[in-house]
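start-v5.txt follows; it contains compact mmCIF, C-alpha atoms (C1' of nucleotides).
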```txt
# COMPACT_ATOMS: atom_id res chain seq x y z
CA MET A 5 115.48 -26.96 64.88
CA ASN A 6 113.79 -26.37 68.19
CA LYS A 7 110.31 -27.70 68.59
CA VAL A 8 107.77 -25.21 69.83
CA VAL A 9 104.10 -25.64 70.60
CA VAL A 10 101.79 -22.67 70.26
CA ILE A 11 98.19 -22.66 71.37
CA VAL A 12 96.15 -20.15 69.40
CA GLY A 13 92.49 -19.39 68.94
CA PRO A 14 90.05 -16.56 69.43
CA THR A 15 89.52 -14.92 72.76
CA GLY A 16 87.34 -16.95 75.06
CA VAL A 17 87.67 -20.48 73.66
CA GLY A 18 89.60 -21.96 76.56
CA LYS A 19 93.25 -21.58 75.63
CA THR A 20 94.26 -20.99 79.22
CA LYS A 21 92.64 -24.15 80.48
CA LEU A 22 94.21 -26.23 77.75
CA SER A 23 97.60 -24.70 78.36
CA ILE A 24 97.66 -25.68 82.01
CA ALA A 25 96.75 -29.25 81.15
CA LEU A 26 99.43 -29.44 78.48
CA ALA A 27 102.07 -27.90 80.71
CA LYS A 28 101.35 -30.52 83.32
CA TYR A 29 101.37 -33.34 80.82
CA PHE A 30 104.61 -32.31 79.17
CA HIS A 31 106.23 -31.19 82.43
CA THR A 32 106.90 -27.74 81.18
CA GLU A 33 106.03 -24.11 81.80
CA ILE A 34 103.95 -21.58 79.91
CA ILE A 35 105.01 -18.59 77.87
CA ASN A 36 102.45 -15.88 77.33
CA GLY A 37 101.78 -14.81 73.75
CA ASP A 38 99.24 -12.13 74.40
CA SER A 39 100.09 -8.47 73.94
CA VAL A 40 97.88 -7.23 76.75
CA GLN A 41 98.49 -9.83 79.42
CA ILE A 42 102.10 -8.73 79.34
CA TYR A 43 101.11 -5.76 81.48
CA LYS A 44 100.74 -5.64 85.22
CA GLU A 45 97.46 -4.37 86.63
CA LEU A 46 95.46 -5.47 83.60
CA ASP A 47 94.16 -8.65 85.16
CA ILE A 48 90.43 -9.16 84.98
CA GLY A 49 89.88 -7.25 81.76
CA SER A 50 92.61 -9.10 79.93
CA ALA A 51 91.39 -12.46 81.22
CA LYS A 52 94.78 -13.16 82.68
CA VAL A 53 95.22 -16.49 84.44
CA SER A 54 94.68 -16.21 88.16
CA GLU A 55 97.15 -17.70 90.61
CA GLU A 56 94.60 -20.34 91.42
CA GLU A 57 94.09 -21.30 87.78
CA LYS A 58 97.82 -21.62 87.27
CA GLU A 59 97.82 -24.70 89.49
CA GLY A 60 101.43 -24.09 90.26
CA ILE A 61 102.55 -23.89 86.65
CA LYS A 62 105.12 -21.16 86.13
CA HIS A 63 104.28 -18.47 83.56
CA HIS A 64 106.72 -16.41 81.55
CA LEU A 65 106.35 -13.05 79.79
CA LEU A 66 103.17 -12.54 81.77
CA ASP A 67 102.30 -9.70 84.06
CA PHE A 68 105.76 -8.17 83.98
CA LYS A 69 105.55 -4.73 82.36
CA GLU A 70 104.34 -1.50 83.88
CA ILE A 71 101.29 0.20 82.39
CA GLU A 72 103.35 3.18 81.32
CA GLU A 73 105.99 1.15 79.52
CA ASP A 74 106.08 1.20 75.77
CA TYR A 75 106.39 -2.42 74.88
CA SER A 76 106.01 -3.62 71.30
CA VAL A 77 106.61 -6.47 68.87
CA TYR A 78 110.24 -5.58 68.74
CA GLU A 79 110.78 -6.23 72.44
CA TYR A 80 108.49 -9.20 72.44
CA GLN A 81 110.41 -10.83 69.63
CA GLN A 82 113.63 -10.59 71.62
CA ASP A 83 112.01 -11.71 74.85
CA LEU A 84 110.28 -14.70 73.32
CA ARG A 85 113.35 -15.92 71.46
CA GLU A 86 115.32 -15.61 74.64
CA LYS A 87 112.71 -17.62 76.48
CA ILE A 88 112.72 -20.35 73.87
CA ALA A 89 116.48 -20.62 74.21
CA TYR A 90 116.09 -20.77 77.97
CA PHE A 91 113.57 -23.59 77.68
CA LYS A 92 115.90 -25.50 75.45
CA GLU A 93 118.65 -25.16 77.96
CA LYS A 94 116.35 -26.53 80.63
CA LYS A 95 115.23 -29.27 78.27
CA MET A 96 111.63 -28.13 78.45
CA LEU A 97 109.16 -27.91 75.59
CA PRO A 98 108.36 -24.26 74.90
CA LEU A 99 104.60 -23.94 75.28
CA ILE A 100 103.30 -20.62 74.09
CA VAL A 101 99.72 -19.52 74.64
CA GLY A 102 98.54 -16.46 72.91
CA GLY A 103 96.23 -14.56 70.70
CA THR A 104 98.44 -11.85 69.29
CA GLY A 105 99.22 -13.00 65.77
CA LEU A 106 101.81 -10.44 64.84
CA TYR A 107 103.82 -10.96 68.01
CA LEU A 108 103.99 -14.68 67.37
CA LYS A 109 104.74 -14.38 63.70
CA ALA A 110 107.49 -11.82 64.20
CA SER A 111 109.14 -13.97 66.84
CA LEU A 112 108.80 -17.40 65.31
CA TYR A 113 109.78 -16.28 61.81
CA ASP A 114 112.75 -14.26 60.73
CA TYR A 115 111.31 -10.79 60.93
CA THR A 116 114.02 -8.18 61.34
CA PHE A 117 113.43 -4.85 62.98
CA ASN A 118 115.92 -2.03 62.75
CA LYS A 119 116.65 0.07 65.77
CA GLU A 120 116.35 3.33 63.93
CA GLU A 121 112.90 2.51 62.72
CA SER A 122 111.01 3.33 65.85
CA ASN A 123 111.16 7.10 66.15
CA ARG A 124 107.88 8.65 65.26
CA SER A 125 107.83 12.03 63.68
CA GLU A 126 105.21 14.67 64.40
CA GLU A 127 105.68 16.48 61.16
CA TYR A 128 102.93 14.59 59.38
CA ALA A 129 100.19 15.58 61.78
CA SER A 130 98.92 18.44 59.70
CA MET A 131 98.85 16.54 56.43
CA SER A 132 95.80 14.87 55.01
CA ASN A 133 95.60 11.17 54.28
CA GLU A 134 95.82 11.92 50.59
CA GLN A 135 98.88 14.10 50.96
CA LEU A 136 100.67 11.52 53.07
CA TYR A 137 99.81 8.82 50.63
CA ALA A 138 101.00 10.90 47.70
CA LEU A 139 104.27 11.48 49.49
CA LEU A 140 104.73 7.78 50.12
CA THR A 141 103.87 6.99 46.54
CA LYS A 142 106.71 9.25 45.52
CA LEU A 143 109.26 7.84 47.97
CA ASP A 144 108.34 4.17 47.95
CA PRO A 145 105.75 3.28 45.33
CA LYS A 146 105.90 -0.42 46.12
CA GLU A 147 105.00 0.10 49.73
CA ALA A 148 102.32 2.62 48.83
CA ASN A 149 100.79 0.08 46.54
CA LYS A 150 100.35 -2.32 49.44
CA LEU A 151 98.70 0.27 51.64
CA HIS A 152 95.33 1.96 51.49
CA VAL A 153 95.17 5.77 51.59
CA ASN A 154 92.94 5.67 54.63
CA ASN A 155 95.28 3.51 56.61
CA ARG A 156 97.03 6.57 57.89
CA ARG A 157 98.79 4.82 60.71
CA ARG A 158 100.58 2.50 58.33
CA VAL A 159 101.31 5.18 55.78
CA GLU A 160 102.87 7.36 58.44
CA ARG A 161 104.84 4.44 59.73
CA ALA A 162 106.26 3.70 56.29
CA LEU A 163 107.23 7.34 55.91
CA ASN A 164 108.94 7.32 59.29
CA ILE A 165 110.92 4.26 58.42
CA ILE A 166 112.10 5.81 55.20
CA LYS A 167 113.04 8.95 57.05
CA ASN A 168 114.86 7.18 59.88
CA THR A 169 116.71 4.57 57.86
CA GLN A 170 117.11 6.32 54.53
CA LYS A 171 115.84 3.14 52.98
CA LYS A 172 112.58 2.16 51.39
CA LYS A 173 110.41 0.07 53.62
CA SER A 174 109.59 -2.28 50.79
CA GLU A 175 113.29 -2.94 50.29
CA LEU A 176 113.86 -3.62 53.96
CA LEU A 177 111.09 -6.17 53.86
CA GLU A 178 112.17 -7.79 50.65
CA ALA A 179 115.62 -8.37 52.07
CA GLN A 180 114.08 -10.77 54.56
CA GLU A 181 113.20 -14.36 53.89
CA HIS A 182 110.27 -14.87 56.22
CA LYS A 183 111.48 -18.35 57.04
CA PRO A 184 110.37 -20.14 60.19
CA LEU A 185 113.01 -20.23 62.91
CA TYR A 186 111.52 -23.12 64.83
CA GLU A 187 109.66 -26.31 64.19
CA THR A 188 106.38 -24.90 65.36
CA TYR A 189 103.18 -26.82 66.05
CA PHE A 190 100.19 -24.54 66.03
CA ILE A 191 97.30 -25.93 68.02
CA GLY A 192 94.07 -24.03 67.42
CA LEU A 193 90.98 -24.16 69.56
CA THR A 194 87.73 -23.27 67.87
CA LEU A 195 83.98 -23.10 68.36
CA PRO A 196 81.07 -22.46 66.02
CA ARG A 197 80.85 -18.72 65.56
CA GLU A 198 77.48 -18.28 67.23
CA GLU A 199 78.57 -20.33 70.23
CA LEU A 200 81.78 -18.35 70.53
CA TYR A 201 79.98 -15.02 70.46
CA LYS A 202 77.61 -16.17 73.17
CA ARG A 203 80.54 -17.18 75.32
CA ILE A 204 82.32 -13.90 74.74
CA ASP A 205 79.24 -11.91 75.74
CA LYS A 206 78.80 -14.01 78.83
CA ARG A 207 82.44 -13.68 79.75
CA VAL A 208 82.20 -9.90 79.74
CA ASP A 209 79.33 -10.07 82.21
CA LEU A 210 81.43 -12.42 84.29
CA MET A 211 84.33 -10.00 84.29
CA ILE A 212 82.01 -7.38 85.72
CA ASP A 213 80.96 -9.78 88.46
CA ASN A 214 84.59 -10.49 89.17
CA GLY A 215 85.43 -6.86 89.75
CA LEU A 216 86.28 -5.34 86.39
CA LEU A 217 84.71 -2.06 87.46
CA GLU A 218 86.93 -1.82 90.53
CA GLU A 219 90.00 -2.71 88.51
CA THR A 220 89.33 -0.17 85.78
CA LYS A 221 88.26 2.56 88.17
CA LYS A 222 91.50 2.24 90.04
CA LEU A 223 93.43 2.48 86.80
CA TYR A 224 91.29 5.39 85.69
CA ASP A 225 92.02 7.35 88.83
CA LYS A 226 95.70 6.71 88.38
CA TYR A 227 96.16 7.17 84.67
CA HIS A 228 93.15 8.89 83.08
CA ASP A 229 95.15 11.94 82.09
CA LYS A 230 97.79 9.80 80.38
CA ASN A 231 97.47 8.14 77.03
CA TYR A 232 99.22 4.84 77.52
CA LYS A 233 98.69 2.36 74.77
CA SER A 234 98.32 -0.45 77.25
CA LEU A 235 95.07 1.15 78.31
CA GLN A 236 93.68 1.12 74.78
CA ALA A 237 92.89 -2.56 75.22
CA ILE A 238 89.33 -3.76 74.96
CA GLY A 239 87.45 -3.30 78.19
CA TYR A 240 89.70 -0.63 79.59
CA LYS A 241 89.19 1.85 76.79
CA GLU A 242 85.41 1.56 76.84
CA LEU A 243 85.09 1.78 80.61
CA PHE A 244 87.35 4.81 80.60
CA MET A 245 84.94 6.39 78.13
CA TYR A 246 82.16 5.64 80.58
CA TYR A 247 84.04 7.21 83.48
CA LYS A 248 84.63 10.25 81.33
CA ASN A 249 80.89 10.42 80.73
CA GLU A 250 81.27 10.01 77.01
CA ILE A 251 79.01 6.97 76.90
CA SER A 252 76.55 5.32 79.24
CA TYR A 253 77.36 2.28 81.31
CA LYS A 254 75.12 0.13 79.15
CA GLU A 255 76.74 1.40 75.98
CA ALA A 256 80.17 0.67 77.41
CA ILE A 257 79.29 -2.93 78.17
CA GLU A 258 77.72 -3.48 74.76
CA LEU A 259 80.76 -1.92 73.11
CA ILE A 260 83.13 -4.18 75.01
CA LYS A 261 81.18 -7.22 73.90
CA LYS A 262 81.07 -6.09 70.30
CA LYS A 263 84.77 -5.21 70.16
CA SER A 264 85.61 -8.56 71.67
CA ARG A 265 83.57 -10.35 69.01
CA ASN A 266 85.19 -8.32 66.24
CA TYR A 267 88.58 -9.09 67.69
CA ALA A 268 87.85 -12.80 67.78
CA LYS A 269 87.00 -12.66 64.10
CA ARG A 270 90.23 -10.88 63.26
CA GLN A 271 92.14 -13.50 65.16
CA TYR A 272 90.58 -16.21 63.03
CA THR A 273 91.55 -14.36 59.91
CA TRP A 274 95.12 -14.11 61.07
CA PHE A 275 95.54 -17.68 62.29
CA ASN A 276 93.81 -19.14 59.27
CA ASN A 277 95.85 -17.21 56.78
CA GLN A 278 99.23 -16.69 58.42
CA PHE A 279 99.85 -19.95 60.21
CA ASP A 280 99.39 -23.60 59.46
CA VAL A 281 97.08 -24.40 62.34
CA LYS A 282 95.78 -27.76 63.41
CA TRP A 283 92.29 -26.93 64.63
CA PHE A 284 90.40 -28.68 67.39
CA ASN A 285 86.71 -28.18 68.06
CA VAL A 286 86.17 -27.43 71.69
CA ASN A 287 83.90 -29.86 73.44
CA LEU A 288 82.04 -27.61 75.85
CA ASP A 289 80.39 -30.43 77.74
CA ASN A 290 83.57 -32.37 78.19
CA PHE A 291 86.66 -30.26 77.90
CA SER A 292 88.95 -33.04 79.02
CA GLU A 293 88.08 -34.78 75.78
CA THR A 294 89.40 -31.80 73.88
CA ILE A 295 92.53 -31.89 75.99
CA ASN A 296 93.00 -35.54 75.19
CA ASP A 297 92.57 -34.96 71.48
CA VAL A 298 95.31 -32.35 71.57
CA ILE A 299 97.64 -34.50 73.64
CA ASN A 300 97.15 -37.45 71.30
CA TYR A 301 97.88 -35.29 68.32
CA LEU A 302 101.03 -33.86 69.88
CA GLU A 303 102.23 -37.27 70.99
CA ASP A 304 101.99 -38.44 67.39
CA SER A 305 103.55 -35.35 65.88
CA LEU A 306 106.30 -34.22 68.18
C1' G B 21 33.27 4.66 68.81
C1' G B 22 35.84 9.40 66.78
C1' A B 23 40.52 12.28 65.17
C1' G B 24 45.50 12.11 63.76
C1' G B 25 50.29 9.52 62.90
C1' A B 26 53.11 5.28 61.43
C1' G B 27 54.29 0.49 58.87
C1' U B 28 60.96 0.53 53.88
C1' A B 29 66.29 -4.76 53.51
C1' G B 30 68.89 -8.33 60.17
C1' C B 31 67.98 -3.45 63.14
C1' G B 32 67.60 2.06 63.04
C1' A B 33 66.48 5.49 59.34
C1' A B 34 66.19 8.45 54.33
C1' G B 35 63.36 8.37 49.99
C1' U B 36 56.95 10.62 48.50
C1' G B 37 55.82 9.00 40.23
C1' G B 38 61.06 7.40 36.28
C1' C B 39 68.27 8.47 37.54
C1' C B 40 65.49 2.92 43.41
C1' A B 41 67.77 -3.20 44.73
C1' A B 42 66.46 1.58 47.40
C1' A B 43 71.07 7.10 50.66
C1' C B 44 73.16 6.82 55.50
C1' G B 45 74.24 4.57 60.34
C1' C B 46 74.51 0.08 63.17
C1' G B 47 75.09 -5.04 63.15
C1' G B 48 76.94 -9.31 60.11
C1' U B 49 80.47 -11.65 56.66
C1' U B 50 85.28 -11.77 54.22
C1' G B 51 90.10 -10.01 53.92
C1' A B 52 94.95 -7.14 54.64
C1' C B 53 98.63 -7.07 58.31
C1' U B 54 106.95 -6.48 59.59
C1' G B 55 107.48 -1.55 65.94
C1' U B 56 99.90 1.54 68.72
C1' A B 57 98.28 -5.26 66.75
C1' A B 58 92.76 -6.41 72.24
C1' A B 59 95.46 -1.69 67.28
C1' U B 60 94.77 0.15 62.17
C1' C B 61 92.54 -0.42 57.47
C1' A B 62 89.69 -2.40 53.18
C1' A B 63 85.79 -5.10 50.63
C1' U B 64 81.05 -7.05 50.91
C1' U B 65 75.90 -7.45 52.88
C1' C B 66 67.63 -9.15 49.19
C1' C B 67 68.15 -13.97 46.05
C1' C B 68 70.66 -16.51 41.85
C1' A B 69 74.00 -20.72 37.49
C1' A B 70 75.67 -13.57 38.82
C1' C B 71 79.85 -7.30 33.98
C1' G B 72 73.55 -10.67 33.54
C1' G B 73 68.86 -12.23 35.64
C1' G B 74 64.88 -12.82 39.53
C1' U B 75 61.92 -11.11 43.54
C1' U B 76 61.14 -6.47 47.19
C1' C B 77 59.43 -1.24 50.34
C1' G B 78 52.59 -4.28 55.91
C1' G B 79 48.50 -7.47 52.61
C1' C B 80 45.30 -7.39 48.37
C1' G B 81 43.37 -4.71 44.22
C1' G B 82 43.59 -0.40 40.95
C1' U B 83 45.50 4.21 38.08
C1' U B 84 49.93 4.93 34.82
C1' C B 85 54.26 3.72 29.34
C1' A B 86 56.44 3.72 34.50
C1' A B 87 54.73 3.23 41.66
C1' A B 88 58.30 2.37 47.84
C1' U B 89 56.13 6.95 46.06
C1' C B 90 49.04 8.21 43.48
C1' C B 91 43.84 5.86 44.52
C1' G B 92 40.66 2.03 47.08
C1' U B 93 40.39 -1.55 50.70
C1' C B 94 42.05 -4.69 54.60
C1' C B 95 45.60 -5.77 58.71
C1' U B 96 48.98 -4.13 62.70
C1' C B 97 51.09 -0.40 65.95
C1' C B 98 51.30 4.61 68.39
C1' U B 99 49.14 9.35 70.22
C1' C B 100 44.86 12.19 71.31
C1' C B 101 39.33 12.72 72.06
C1' A B 102 35.00 9.95 73.86
```
What does this structure look like when you write it as structure tokens?
Amino acid sequence: MNKVVVIVGPTGVGKTKLSIALAKYFHTEIINGDSVQIYKELDIGSAKVSEEEKEGIKHHLLDFKEIEEDYSVYEYQQDLREKIAYFKEKKMLPLIVGGTGLYLKASLYDYTFNKEESNRSEEYASMSNEQLYALLTKLDPKEANKLHVNNRRRVERALNIIKNTQKKKSELLEAQEHKPLYETYFIGLTLPREELYKRIDKRVDLMIDNGLLEETKKLYDKYHDKNYKSLQAIGYKELFMYYKNEISYKEAIELIKKKSRNYAKRQYTWFNNQFDVKWFNVNLDNFSETINDVINYLEDSL
RNA sequence: GGAGGAGUAGCGAAGUGGCCAAACGCGGUUGACUGUAAAUCAAUUCCCAACGGGUUCGGCGGUUCAAAUCCGUCCUCCUCCA
């Protein structure tokens, strides 16, 4: 089985910095595992690596989709697997850096998506949560049991799958084995919660200093009448609300910080419960020590 | 110095004798996750050896079978008049 290294961790711990060091050490390149950094034009707000920070290391699956493109796990899964194969061919260690749990899980494990699944139907729009849930309970009780009535998005999705494939979603899932496809080493970076939150808050202020307002304003002028999902990302969504005069500037900034903190927490939940992660405490005063710890661990394990 | 108003859980804010450990919102914590995932959703949030118990509603004291709610007093804050 192919060996793959994945750097995970909440937003703002220093994954990017570590990834560059590892890429240099292992003479390899970096594959992005973040659902937002995939998009062009979302640079500052998504904390995308700058050219300078890259230090000449090549990045894949980064900054390559247009804002208006509808990219999802399905495409990512194909792209990432292709990349891993490409790395193998080049005899390079696939080094993935990312925070999007589902994208990684779906790609590194044997998740199967059916082509017909994707079409979304509008016919449910007028139905209440309860009605939708009742319908799902009738068509696929097992799936309904896993979902909460209020999770409308998921309930609708299950109904669409049943409609498009003529199969129960629960059956489609049960047919899969969820086995890992690669010998994956999950490296996790972590910080005490309070410390992390402070860093996240500070980083948002820093983004503003680095021109987040200019970046978002430009996007707003271009796309404000569209509803692209790429622009639902933290930072962009809130600033758009500000430009639309729905909230004040101060509220927007506070919201961005809060959403980022909430997101970091959700990332922990995912990584802790979905992957077998080897965690490393980040040494803020001496990051190279953290880098060394990781390298030592990988040298012993790989 | 005088007149009025206010002090409720981490914050905001209901409640004005029993159904109050105290609505609701925010924030926090925990969790779910197979095509919107930086999304969506759920649970929990005074303390504990927890289907039970212990302490709360600025402090102290009182009335009452029963108080966050009534009375007295003290403290703090706000507005107005001097």
Quiz item: Would you list which chain A residues are within 6 Å of chain B using all atoms listed in the file, as a count of residues only?
Solution: 6
Self-check item: Contact residues around A:Arg265 with all atoms listed in the file at 12 Å, ignoring same-chain residues under 6 positions, as number ranges by chain
Solution: A: 14-17, 197-208, 238, 258-259, 271-272; B: 47-48, 58
Self-check item: stretch 51-62 of chain A surroundings by only C-alpha atoms (C1' of nucleotides), 8 Å radius, close-in-sequence under 3 positions cut, as a list in words
Solution: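 The contact residues come out as Thr20, Lys21, Ile24, Ala27, Lys28, Thr32, Glu33, Ile34, Gln41, Leu46, Asp47 and Ile48 of chain A.
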Centre and edge lengths, as AutoDock Vina command-line options, for the axis-aligned box enclosing every listed atom of stretch 46-64 of chain B with 3 Å of padding on each of the six sides, in Å to one decimal?
```
--center_x 91.0 --center_y -5.1 --center_z 61.4 --size_x 39.0 --size_y 19.3 --size_z 27.6
```
Exercise. Name all residues at most 12 Å from stretch 73-84 of chain B (count all atoms listed in the file; drop same-chain ones fewer than 5 positions away) and give them as number ranges by chain.
Key: B: 26-29, 35, 37-38, 40-42, 66-68, 89-97
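Our summary of the geometry notes that atom CA of A:Glu147 is positioned 19.8 Å from atom CA of A:Gln278.
Considering all atoms listed in the file, the residue among A:Gly37, A:Gly103, A:Gly18, A:Gly49 positioned nearest to A:Tyr267 is A:Gly103.
Between atom CA of A:Lys221 and atom CA of A:Glu72 there is a distance of 16.6 Å.
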Show me, as an mmCIF file with C-alpha atoms, in the frame of the given file, the residues that have an atom within 9 Å of A:Lys87 when counting all atoms listed in the file, minus same-chain residues fewer than 2 positions from it.
```cif
data_model
loop_
_atom_site.group_PDB
_atom_site.id
_atom_site.type_symbol
_atom_site.label_atom_id
_atom_site.label_comp_id
_atom_site.auth_asym_id
_atom_site.auth_seq_id
_atom_site.Cartn_x
_atom_site.Cartn_y
_atom_site.Cartn_z
ATOM 1 C CA ILE A 35 105.010 -18.590 77.870
ATOM 2 C CA HIS A 64 106.720 -16.410 81.550
ATOM 3 C CA LEU A 65 106.350 -13.050 79.790
ATOM 4 C CA GLN A 82 113.630 -10.590 71.620
ATOM 5 C CA ASP A 83 112.010 -11.710 74.850
ATOM 6 C CA LEU A 84 110.280 -14.700 73.320
ATOM 7 C CA ARG A 85 113.350 -15.920 71.460
ATOM 8 C CA ALA A 89 116.480 -20.620 74.210
ATOM 9 C CA TYR A 90 116.090 -20.770 77.970
ATOM 10 C CA PHE A 91 113.570 -23.590 77.680
ATOM 11 C CA LYS A 92 115.900 -25.500 75.450
ATOM 12 C CA PRO A 98 108.360 -24.260 74.900
#
```
Quiz item: If I put a ball of radius 12 Å at (68.4, 5.1, 59.1) in the file's coordinates, which residues poke into it when counting all atoms listed in the file, written as a ChimeraX atom specification?
Solution: /B:28-29,31-35,43-46
Practice problem: Return the single residue from A:Asn133, A:Gln180, A:Thr220, A:Ser264 that is closest to A:Tyr246, with distances computed using only C-alpha atoms. | Solution: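 With only C-alpha atoms as the atom set, the closest residue is A:Thr220.
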Exercise. Find the residues near A:Lys230: any atom within 12 Å, counting only C-alpha atoms (C1' of nucleotides), skip ones fewer than 6 places away on the same chain, and give them as a PyMOL selection string.
Key: chain A and resi 71-73+223-224+236+244
Quiz prompt | Separation of atom CA of A:Asn285 from atom CA of A:Thr194 in Å | solution = 5.0 Å
Could you list as a PDB file with C-alpha atoms, in the frame of the given file every residue that has an atom within 6 Å of (101.2, -3.8, 79.1), using the file's coordinates and counting all atoms listed in the file?
```pdb
ATOM      1  CA  VAL A  40      97.880  -7.230  76.750  1.00  0.00           C
ATOM      2  CA  ILE A  42     102.100  -8.730  79.340  1.00  0.00           C
ATOM      3  CA  TYR A  43     101.110  -5.760  81.480  1.00  0.00           C
ATOM      4  CA  LYS A  69     105.550  -4.730  82.360  1.00  0.00           C
ATOM      5  CA  ILE A  71     101.290   0.200  82.390  1.00  0.00           C
ATOM      6  CA  SER A 234      98.320  -0.450  77.250  1.00  0.00           C
TER       7      SER A 234
END
```
